[in-house]
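Here's the structure, in structure tokens; my notes come after.
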Amino acid sequence: MANVIVRSANPSDLARVAEIHQDAFPATLTTRLGRRFVKAYYGEHADQDGARLLVATCGGTVEGFAIVVSPSAEEKASKRLRWLMLVSAVPRITAWPVLVRRTIETVRKARQRSRTGRGSSSTRANSLGPVVHSKLMNIAVAGSRQGQGVGTALLSSPLLTTPGSEGAHIEAIVDPRNGPSRALFRTMGWNELDNVRFIHFVERADDSSDRD
Ligand SMILES: CC(C)(COP(=O)(O)OP(=O)(O)OC[C@H]1O[C@@H](n2cnc3c(N)ncnc32)[C@H](O)[C@@H]1OP(=O)(O)O)[C@@H](O)C(=O)NCCC(=O)NCCS
């Protein structure tokens, strides 16, 4: 297993984070919008009060990252990224269909929320599980470092919290076809709510009670 150090990211890590993101998620809209957008995406999210971007280094090189965000931090970052998203999409024709699909989906969800008067899935209590405080927006490890414990180090880090999330749950949405990712969350003891959602209870420093 590699000797991994996990720390909070600083602005000089963003280029490497963007590189790892683009390798790990080649088909996503964010990746299609280009390196500059991906850097801004993580920079804007990490800049918010209710967010934390962690990097894992091996021998001083960033080899993986994880980001946790509260619903309000995500909303603020999305608003700030809206224009850059549109500007970045203009010259990238392959991003258009995904962008249109995503916009329709966002509008549909917003309408549904205003009709039902319910909050986002990140804050809602429902029959499938407890109230979730924040979400693990992404976790990724550089291809050449996968399978060497970097993902485990990121998920084990006590820094993997957002202010106020102690004593609450963090949620991760996982593509059901992503075997390695699902295996990672299972191995790390996250609870599988259904075939896409995993949650993790963040202990308070003084909380000695056992929870599964
Ligand atoms: C998912 C990911 C972050 C795992 O990181 P990693 O550093 O490779 O994981 P680790 O080496 O710490 O492995 C931890 C556990 O995950 C599981 N795992 C990791 N890679 C796996 C693979 N290729 N196949 C099956 N299980 C795998 C195993 O259970 C492993 O535990 P074990 O070594 O005791 O068997 C990494 O594969 C990745 O970056 N994938 C691409 C991006 C992605 O899909 N991110 C998740 C989005 S939700």
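Ordered as shown in the structure tokens, chains take letters A, B, and onward, while each chain numbers its residues from 1 and ligands are numbered from 1 in the order shown.
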Env of A:Arg80: 12 Å cut, atoms = only C-alpha atoms, seq-sep filter 5 positions within chain, self excluded. Answer as JSON, numbers by chain.
{"A": [37, 40, 41, 42, 43, 44, 45, 47, 48, 73, 74, 75, 85, 86]}
Q.
8 Å from ligand 1 is the threshold here; counting only C-alpha atoms and all ligand atoms, which polymer residues fall inside it? Answer as a PyMOL selection string.
A. chain A and resi 21+24-25+64+137-143+145-153+172-175+178-188
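Taking only C-alpha atoms, the non-local environment of A:Ser72 within 10 Å (same-chain residues fewer than 6 positions away omitted) comprises Gln48, Asp49, Gly50, Ala51, Ser78 and Ser134 of chain A.
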| Length of the atom CA of A:Thr31 to atom CA of A:Ser70 vector [Å] |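 Pair atom CA of A:Thr31 / atom CA of A:Ser70 returns 22.4 Å.
Nearest to A:Thr103 of all the residues A:Leu29, A:Asn191, A:Glu19, A:Val196 is A:Leu29, counting only C-alpha atoms.
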message: Please compute the atom CA of A:Ile199-atom CA of A:Ile20 distance, one decimal, in Å.
response: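 Atom-to-atom, atom CA of A:Ile199 to atom CA of A:Ile20, that is 24.1 Å.
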Inset, instruction - Write out as a count of residues only each polymer residue whose atoms come within 12 Å of A:Glu171, counting only C-alpha atoms; drop sequence neighbours fewer than 3 positions from it. - result: 37
Q: Name the residues of stretch 18-89 of chain A that fall into strand (DSSP E or B) according to DSSP on the backbone, using the chain letters and numbers of this document, as number ranges by chain.
A: A: 51-58, 61-69
So how many Å separate atom CA of A:Gly189 and atom CA of A:Leu159, to one decimal?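 Taking atom CA of A:Gly189 as the start and atom CA of A:Leu159 as the end point, the length is 17.1 Å.
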